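Report on one structure; see the data block that follows.
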Amino acid sequence: MVNSKEESTTKKDLLMVGFLCNWCSYGGADTAGVCRFNQPTDLRIIRIPCTGRMDPLFVVKALIYGADGVLVSGCHPKDCHYNKGNFYARRRLEVLKQFLPFMGIHTDRFRYTWVSSSEGQLWQQVVTEFSETIHGLGPNLGVHGESDAKAAMSFF
Amino acid sequence: MRIGVFVCKCGTNIAATVDTEAVARKALEYPDVVYATDYMYSCSEPGQQEIQQAIEKYDLQGVVVAACSPRMHEVTFRRAVEKAGLNRYMFEQANIREHCSWISKDTEANTRKAMDLVRMSVEKLRFNQPLFSSQVPINKRVLVIGGGISGIQAALDCAEGGLEVVMVERESTIGGKMAKLDKTFPTIDCSSCILGPKMVDVAQNENIHLYAYSEIESVSGYMGNFKVGIRKKATYVDWDACTGCGLCTEKCPAKKSFDGFNEGLDTTTAINIPFPQAIPKKARIDPKYCWYLIKEKCKICQKICPVDAIRFDMENETVEEEVGAIIVATGFDLVDHSVYGEYGGGHYPDVITGLQFERLVSASGPYGGHILRPSDGKEPKNIVFIACVGSRDPSIGRPYCSGICCMYIAKQVILARDHIPDCNCYVFYIDIRAPGKNYEEFVRRAQEDYGVQYIRGRVGKVYPKGEHLVVQGIDTLLGIQVEVEADLVVLATGVAASAGAKELAEKLRISYDEYGFYMESHPKLRPVETNTAGVFLAGVCQGPKDIPASVAQGSAAAAKTQALFSRDTIETDPQIARVNELMCIGCGKCIDVCPFGSIQWKTLRDGSQKAEVLDTVCQGCGLCNATCPPKAIQLQHCTDDQILAEIEVLCAGERHG
Amino acid sequence: MEDKTKTLQREFLKVFEKLEVVLGWEPGYDSLHATPSFIRQAQDLNRLVWNPLCSQNLCTYLVKTLNASVREDDKKIGICVKGCDSRSLVALIQEKFVTRETLYIVGIPCEGTVDWRRLMRLEPSLKDVQEVHIEGNELDVETAQKTYRFPLQHVLEQRCLHCRYPNPIIYDLLIGELITPHASDDQAYGDIEKIEQYSLPDRLKFWEKELDRCIRCYACRNACPLCVCRDSCIAETRSPKWLAQRCDLKEKFFYHMIHAMHLAGRCTECGECERVCPVEIPVTLIKKKLNQIVKELLDYEAGIDPQKQPPLLTFDPSEKGI
């Protein structure tokens with residue numbers, strides 16, 4: 001279905017996946033763009049209607065399948081366009097953030113923030129800081145085991 | 001699937017830092033992409049035509065445009081592809097401008113990023129489904145909750161426009177707080193003179209049905225089709241018979257009834273009409289004070305009522321109304337100033353609120369329009385007004401400005417000086433907020449023409465001294481402490497959300513801020529709409545404001561309602577949740593979390609229970625989708641498969657070193 | 001233990017006419033196993049037993065097998081619960097999968113159940129077992145040949161060693177004396193702390209090694225009383241496709257994360273998932289960690305108060321912990 005991953009030992013461009021809520025943070029990122037605020041180029045944004053749509057398992061999927069960092073951003077709590085979505089998100093994502101290190105994934109590879117539509121500068125700061133953090137942690141080597149399909153194929 | 005990719009150069013906005021040709025070329029390598037090109041301005045007419053022609057020529061089933069932010073032009077492009085015969089949801093837009101070309105000058109990195117973003121959009125599109133709206137009929141009746149000036153204005157405007165209006169007012173009369181005012185700023189118009197005719201219009205308008213002394217019990221349904229349960233509280237008087245003659249109030253022996261209309265400055269009879277211009281002009285019995293209802297003695301009113309309207313056995317009654325839109329105009333209450341122990345904590349009878357002062361000044365007030373001290377009935381010679389009591393005060397959790405107090409203090413000092421020409425008036429203020437038309441000039445008049453002493457500083461303490469009150473404050477402009485011996489102290493108490501605001505909001509499924517003021521859709525661009533479709537706001541319930549602004553919002557809400565009703569049906573947005581009944585396990589978690597109550601139970605023929613989404617109520621937030629354990633409920637156009645596709649294609653992609 | 005078995009049979013017989021079915025345990029396929037028992041006729045009640053081999057959590061059958069939320073008549077479901085099982089019952093009531101009124105609950109305070117794998121490792125030659133019972137701090141295993149004695153610490157299930165709720169917290173009838181818990185509240189997460197002493201890369205290696213054995217049999221999911229999605233489970237659906245079926249550690253790792261996160265704030269630590277795992281992966285650790293986070297952050301433990309709701313299904317506008 002998709003291109004196979006070519007693992008290179010030196011990755012300059014790390015992969016940061018962003019989930020931004022349409023009403024606030026995506027608008028904030030747009031505002032940052034309109035103001036031409038310079039940002040690192042690592043981030044790839046997926047648009048969702050609300051952080052309430054955010055199943056924490058999307059973050060887990062990204063991290064297990066090789067993303068180096070995942071950033072989720074939404075409306076400030078109490079300002080949710082849909083009233084309550086980000087209240088649920090806040091709890092679920094905080095639980096996830098504290099859980100990841102138990103499984104051996106660095107907690108800083110996942111970050112969630114609240115950025116409103118007008119906060120272009122804040123968005124620039126968030127992206128820059130997050131990119132620095134991820135580059136500091138280095139590439140996510142992912143999850144590997146003996147049962148990996150590639151390893152199994154090497155039998156034949 | 002046959003997908004076409006169109007990479008926009010956007011003049012030099014994108015082309016300057018992204019190699020659009022390379023992005024288009026790369027796109028041809030992606031699965032299902034059969035055509036890819038770059039173009040100067042995709043959103044322009046020739047740009048859109050290029051897309052439409054390509055759809056026809058290459059028999060495209062889906063289109064990706066890589067350009068500006070979809071928040072900008074998604075609607076434009078969706079319309080364009082729809083004109084060419086595609087379903088408008090078979091379209092994806094990759095943001096390679098605001099999120100890419102504009103935020104970095106590294107052309108190589110930007111081009112790679114743009115390629116990734118196009119790849120993501122292509123992959124999502126491969127999982128898109130055509131979506132279709134449905135048409136739902138609208139019930140062109142409007143409910144106005146609250147009979148204050150905003151509600152009255154909204155109701156009159158709607159009725160003028162030919163709509164049927166149902167108005168529900170909690171008190172036994174409409175008029176709200178404005179009915180309690182004597183004069184209004186900055187014109188010193190008599191409040192009941194300007195409000196009275198409007199109230200009568202409401203009563204006489206054929207299109208307006210008024211439920212006074214009633215409250216909202218329940219709200220269900222959705223925009224265009226609300227079902228509202230209204231609880232008509234027992235008045236113990238048959239309002240169909242009552243003529244408002246007032247004979248019962250003259251003879252009622254229970255004279256110690258709390259007089260809410262006069263803000264507790266006075267007592268009234270247990271059976272009463274709140275004020276002479278009340279609409280509806282009907283009597284009601286306060287069950288807390290009526291001798292018959294408490295201890296079964298009396299019944300004088302029943303004996304003397306000329307039309308036999310008294311009904312001691314009356315009970316609350318619930319009726320149901322069906323409406324298509326709801327305008328919330330529930331107004332405000334005053335902040336409880338008893339939290340300020342330094343001002344007496346509500347115990348000093350001569351420390352009163354601004355609204356109580358209005359009642360003193362009013363001719364229909366407790367003292368017939370004479371400003372007298374509540375404690376001994378003497379005329380005050382020194383009156384002190386303290387601004388910002390309960391406003392601009394983070395220490396009691398009210399950091400906001402109530403917006404009207406500076407103005408009404410100015411009005412009240414002018415009235416005080418008019419009523420008692422030789423009295424001394426002092427105003428302790430922090431700032432003067434006079435933003436409206438003629439407002440600044442009005443305050444100047446109070447300061448300069450009426451000889452009122454404006455002292456910039458706060459008051460630390462008010463305490464009794466003999467018959468008087470000592471007001472201890474500071475004059476920051478002179479840098480000295482000030483003490484004023486006052487006969488009457490008026491606290492400009494701030495504006496708070498109306499009692500019961502939060503409970504009503506929950507019934508209506510609208511949100512409120514930490515103070516209980518209702519949340520508008522957008523603070524600047526949509527001040528009278530809420531995030532709940534079909535529910536509009538007007539007046540102080542949305543935030544502190546003066547009468548002109550309240551009236552404006554009442555008209556605005558009416559205009560929104562008229563616009564909503566200008567068609568006979570509403571088109572639903574298909575980007576909503578949908579349940580796959582085969583996978584649904586009937587756990588009900590989605591029903592519990594939905595912020596809009598748009599999911600309900602559905603019983604299948606075999607008795608099993610499944611979730612069902614109401615098309616017209618669902619706002620498309622996706623919380624249900626995230627909560628559902630088997631993911632049986634999917635947010636259309638943002639399904640799990642679509643998001644997972646974007647994640648997987650990113651994680652599997654090449655990284656460059 | 002003998003008299004508890006008799007008590008159980010007697011008590012159920014008394015009320016049997018009001019019950020549609022009784023869920024209990026009966027002797028299993030060999031003398032070291034008990035097995036869940038569905039008694040639908042009064043004369044079969046004498047099959048019921050109570051002993052330290054009764055490890056299964058019978059609550060798992062309420063929704064998945066008996067469809068307990070849909071009752072056609074007034075008859076109740078009789079069920080035996082240990083302390084840990086009773087928490088699962090409360091959790092099912094919290095999430096409205098079953099109503100209290102449809103159940104007749106017999107609670108049995110439990111000193112622990114035997115992990116037969118540990119037992120066999122200690123004494124591989126064990127056979128002809130006739131009776132198993134707990135005497136103080138030891139397990140007595142009587143065979144035809146002799147009586148073995150094992151310290152409880154060595155033969156109980158892992159979940160029993162950390163047990164804080166040996167006494168059922170919900171019941172219509174309690175059989176037996178109340179028991180002191182094996183572990184106190186601050187010892188509850190000792191096994192979690194052990195893992196957290198490893199460095200981050202070592203933790204990943206640990207889980208890679210453990211989860212690589214997983215054969216995606218889904219026994220853990222099937223045994224869990226709160227996992228009621230059955231055929232709709234996203235581990236196996238094609239639409240939406242969360243997991244591929246290929247034999248790859250990524251898929252297995254992700255599956256266990258999905259399972260654990262779907263139970264976050266709901267898991268009652270009954271330990272069934274770990275007990276049934278054919279390749280002995282310590283899966284309860286993952287769920288316990290999530291429970292610890294939910295407890296510290298949101299001050300909530302699943303399956304204690306029937307009136308409360310799992311916190312990840314609710315919210316607090318002015319979140320105190322976060």
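How things are named: the first chain in the structure tokens is A, the next is B, and so on; residues count from 1 in each chain; ligands count from 1 in the order shown.
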Could you list, as a PyMOL selection string, the residues of chain B having an atom within 12 Å of chain C when counting only C-alpha atoms? chain B and resi 127+511-514+580-595+603+606-609+623-635+638-645+647-648
Any idea which chain A residues end up within 12 Å of chain C if we count only C-alpha atoms, as JSON, numbers by chain please? {"A": [1, 52, 55, 56, 57, 58, 59, 60, 61, 62, 63, 64, 65, 66, 76, 77, 78, 79, 80, 83, 84, 85, 86, 87, 88, 89, 90, 91, 92, 93, 94, 95, 96, 97, 98, 99, 100, 101, 102, 103, 104, 105, 106, 107, 140, 141, 142, 143, 144, 145, 146, 147, 148, 149, 150, 151, 152, 153]}
The selected residues should be written to file as a PDB file, in the first residue's frame (atoms: C-alpha atoms).
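The resulting file, result_34.pdb, is reproduced below:
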ATOM      1  CA  MET A   1       0.000   0.000   0.000  1.00  0.00           C
ATOM      2  CA  GLY A  52     -12.173  15.899  21.220  1.00  0.00           C
ATOM      3  CA  ASP A  55      -8.192   9.340  20.159  1.00  0.00           C
ATOM      4  CA  PRO A  56      -4.936   9.002  22.135  1.00  0.00           C
ATOM      5  CA  LEU A  57      -4.325   5.874  20.100  1.00  0.00           C
ATOM      6  CA  PHE A  58      -3.609   8.026  17.049  1.00  0.00           C
ATOM      7  CA  VAL A  59      -0.602   9.335  18.939  1.00  0.00           C
ATOM      8  CA  VAL A  60       0.429   5.817  19.906  1.00  0.00           C
ATOM      9  CA  LYS A  61       0.044   4.633  16.314  1.00  0.00           C
ATOM     10  CA  ALA A  62       2.260   7.415  15.047  1.00  0.00           C
ATOM     11  CA  LEU A  63       4.948   6.807  17.661  1.00  0.00           C
ATOM     12  CA  ILE A  64       5.052   3.041  17.251  1.00  0.00           C
ATOM     13  CA  TYR A  65       5.120   3.268  13.473  1.00  0.00           C
ATOM     14  CA  GLY A  66       8.106   5.567  13.448  1.00  0.00           C
ATOM     15  CA  HIS A  76      -7.921  26.697  25.145  1.00  0.00           C
ATOM     16  CA  PRO A  77     -10.084  24.796  27.626  1.00  0.00           C
ATOM     17  CA  LYS A  78     -13.462  26.554  27.991  1.00  0.00           C
ATOM     18  CA  ASP A  79     -13.103  28.037  24.510  1.00  0.00           C
ATOM     19  CA  CYS A  80     -13.821  24.830  22.636  1.00  0.00           C
ATOM     20  CA  ASN A  83     -18.187  23.372  24.096  1.00  0.00           C
ATOM     21  CA  LYS A  84     -16.553  20.389  25.711  1.00  0.00           C
ATOM     22  CA  GLY A  85     -14.285  18.503  23.317  1.00  0.00           C
ATOM     23  CA  ASN A  86     -11.028  19.762  24.711  1.00  0.00           C
ATOM     24  CA  PHE A  87     -12.044  18.982  28.296  1.00  0.00           C
ATOM     25  CA  TYR A  88     -12.133  15.307  27.405  1.00  0.00           C
ATOM     26  CA  ALA A  89      -8.971  15.638  25.338  1.00  0.00           C
ATOM     27  CA  ARG A  90      -7.097  17.246  28.208  1.00  0.00           C
ATOM     28  CA  ARG A  91      -7.700  14.261  30.444  1.00  0.00           C
ATOM     29  CA  ARG A  92      -7.082  11.581  27.849  1.00  0.00           C
ATOM     30  CA  LEU A  93      -3.922  13.168  26.496  1.00  0.00           C
ATOM     31  CA  GLU A  94      -2.442  13.837  29.933  1.00  0.00           C
ATOM     32  CA  VAL A  95      -2.990  10.202  30.894  1.00  0.00           C
ATOM     33  CA  LEU A  96      -1.290   9.158  27.644  1.00  0.00           C
ATOM     34  CA  LYS A  97       1.628  11.483  28.220  1.00  0.00           C
ATOM     35  CA  GLN A  98       2.327   9.977  31.621  1.00  0.00           C
ATOM     36  CA  PHE A  99       1.862   6.472  30.317  1.00  0.00           C
ATOM     37  CA  LEU A 100       4.281   6.503  27.375  1.00  0.00           C
ATOM     38  CA  PRO A 101       7.507   6.329  29.407  1.00  0.00           C
ATOM     39  CA  PHE A 102       6.305   3.146  31.088  1.00  0.00           C
ATOM     40  CA  MET A 103       6.370   1.436  27.709  1.00  0.00           C
ATOM     41  CA  GLY A 104       9.795   2.873  26.940  1.00  0.00           C
ATOM     42  CA  ILE A 105       8.782   5.869  24.847  1.00  0.00           C
ATOM     43  CA  HIS A 106      10.117   9.233  25.977  1.00  0.00           C
ATOM     44  CA  THR A 107       7.327  11.423  27.266  1.00  0.00           C
ATOM     45  CA  ASN A 140      12.679   7.408  17.136  1.00  0.00           C
ATOM     46  CA  LEU A 141      14.133   3.985  16.530  1.00  0.00           C
ATOM     47  CA  GLY A 142      10.683   2.478  16.803  1.00  0.00           C
ATOM     48  CA  VAL A 143       9.670  -0.907  17.988  1.00  0.00           C
ATOM     49  CA  HIS A 144      11.544  -3.983  16.770  1.00  0.00           C
ATOM     50  CA  GLY A 145      11.255  -7.654  17.466  1.00  0.00           C
ATOM     51  CA  GLU A 146      12.262 -11.053  16.208  1.00  0.00           C
ATOM     52  CA  SER A 147       8.805 -11.574  14.862  1.00  0.00           C
ATOM     53  CA  ASP A 148       9.077  -8.621  12.510  1.00  0.00           C
ATOM     54  CA  ALA A 149       7.944  -9.518   9.024  1.00  0.00           C
ATOM     55  CA  LYS A 150      11.292  -8.615   7.546  1.00  0.00           C
ATOM     56  CA  ALA A 151      13.097 -10.868  10.003  1.00  0.00           C
ATOM     57  CA  ALA A 152      10.638 -13.648   9.273  1.00  0.00           C
ATOM     58  CA  MET A 153      11.136 -13.243   5.552  1.00  0.00           C
TER      59      MET A 153
END
Expected answer as an NGL selection string: chain B residues within 8 Å of chain A, only C-alpha atoms: :B and (69 or 71 or 97-100 or 102-104 or 109-110 or 113 or 116-117 or 510-511 or 513 or 521 or 531 or 595 or 619-627 or 638 or 643-644 or 646-657)
May I ask for the distance between atom CA of B:His522 and atom CA of B:Met178, given in Å to one decimal place?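 Atom-to-atom, atom CA of B:His522 to atom CA of B:Met178, that is 27.3 Å.
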Quick one: residues within 6 Å of C:Val22, only C-alpha atoms, excluding same-chain residues fewer than 5 positions away - as a list of chain:residue names? C:Phe38, C:Ile39, C:Gly78, C:Ile79
Residues of stretch 1-69 of chain A classed as alpha helix (DSSP H) by DSSP on the backbone are to be reported as JSON, numbers by chain. {"A": [25, 26, 27, 28, 29, 30, 31, 32, 33, 34, 56, 57, 58, 59, 60, 61, 62, 63, 64]}
Quick one: contact table of stretch 527-550 of chain B to stretch 559-575 of chain B, 9 Å max, nearest atom pair and distance in Å to one decimal per residue, counting only C-alpha atoms, chain and number order, as CSV?
residue,atom,partner,partner_atom,distance
B:Val528,CA,B:Lys560,CA,8.3
B:Glu529,CA,B:Lys560,CA,8.1
B:Gly534,CA,B:Thr561,CA,7.8
B:Val535,CA,B:Thr561,CA,8.9
B:Phe536,CA,B:Lys560,CA,7.9
Just-selected residues, N, CA and C atoms written as a PDB file, in the first residue's frame:
ATOM      1  N   VAL B 528     -24.166  37.297  18.496  1.00  0.00           N
ATOM      2  CA  VAL B 528     -25.497  36.872  18.959  1.00  0.00           C
ATOM      3  C   VAL B 528     -25.802  35.418  18.671  1.00  0.00           C
ATOM      4  N   GLU B 529     -24.835  34.699  18.056  1.00  0.00           N
ATOM      5  CA  GLU B 529     -25.085  33.286  17.828  1.00  0.00           C
ATOM      6  C   GLU B 529     -24.361  32.459  18.881  1.00  0.00           C
ATOM      7  N   GLY B 534     -29.415  27.309  15.986  1.00  0.00           N
ATOM      8  CA  GLY B 534     -30.802  27.662  16.265  1.00  0.00           C
ATOM      9  C   GLY B 534     -31.024  28.373  17.576  1.00  0.00           C
ATOM     10  N   VAL B 535     -29.975  28.531  18.383  1.00  0.00           N
ATOM     11  CA  VAL B 535     -30.110  29.251  19.653  1.00  0.00           C
ATOM     12  C   VAL B 535     -29.297  30.528  19.568  1.00  0.00           C
ATOM     13  N   PHE B 536     -29.986  31.656  19.794  1.00  0.00           N
ATOM     14  CA  PHE B 536     -29.316  32.952  19.694  1.00  0.00           C
ATOM     15  C   PHE B 536     -29.347  33.670  21.029  1.00  0.00           C
TER      16      PHE B 536
END
Would you please work out which residue, of B:Ala497, B:Phe312, B:Ile271, B:Phe185, is nearest to B:Met407 when using only C-alpha atoms?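 Nearest to B:Met407: B:Phe185.
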Tell me which protein, DNA and RNA residues are within 7 Å of stretch 240-243 of chain B, counting only C-alpha atoms, leaving out same-chain ones fewer than 6 positions away, and put them as a list in words.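 Once the adjacent positions are removed, what remains is Lys282, Val307 and Ala309 of chain B.
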Kindly export the residues of the current selection with N, CA, C and O atoms, as a PDB file, in the first residue's frame.
ATOM      1  N   LYS B 282     -51.932  41.697  35.897  1.00  0.00           N
ATOM      2  CA  LYS B 282     -52.713  40.684  36.585  1.00  0.00           C
ATOM      3  C   LYS B 282     -52.118  40.495  37.970  1.00  0.00           C
ATOM      4  O   LYS B 282     -50.907  40.627  38.167  1.00  0.00           O
ATOM      5  N   VAL B 307     -64.666  39.660  39.881  1.00  0.00           N
ATOM      6  CA  VAL B 307     -64.841  38.691  38.806  1.00  0.00           C
ATOM      7  C   VAL B 307     -64.498  37.273  39.245  1.00  0.00           C
ATOM      8  O   VAL B 307     -64.336  36.376  38.425  1.00  0.00           O
ATOM      9  N   ALA B 309     -61.850  35.741  40.496  1.00  0.00           N
ATOM     10  CA  ALA B 309     -60.684  35.202  39.799  1.00  0.00           C
ATOM     11  C   ALA B 309     -59.725  34.435  40.698  1.00  0.00           C
ATOM     12  O   ALA B 309     -58.775  33.830  40.218  1.00  0.00           O
TER      13      ALA B 309
END
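When the distance limit is 8 Å and only C-alpha atoms are what count, the residues near B:Arg119, minus those fewer than 3 positions from it on the same chain, are Ala27, Tyr30, Met115, Asp116, Val122, Glu123 and Val649 of chain B.
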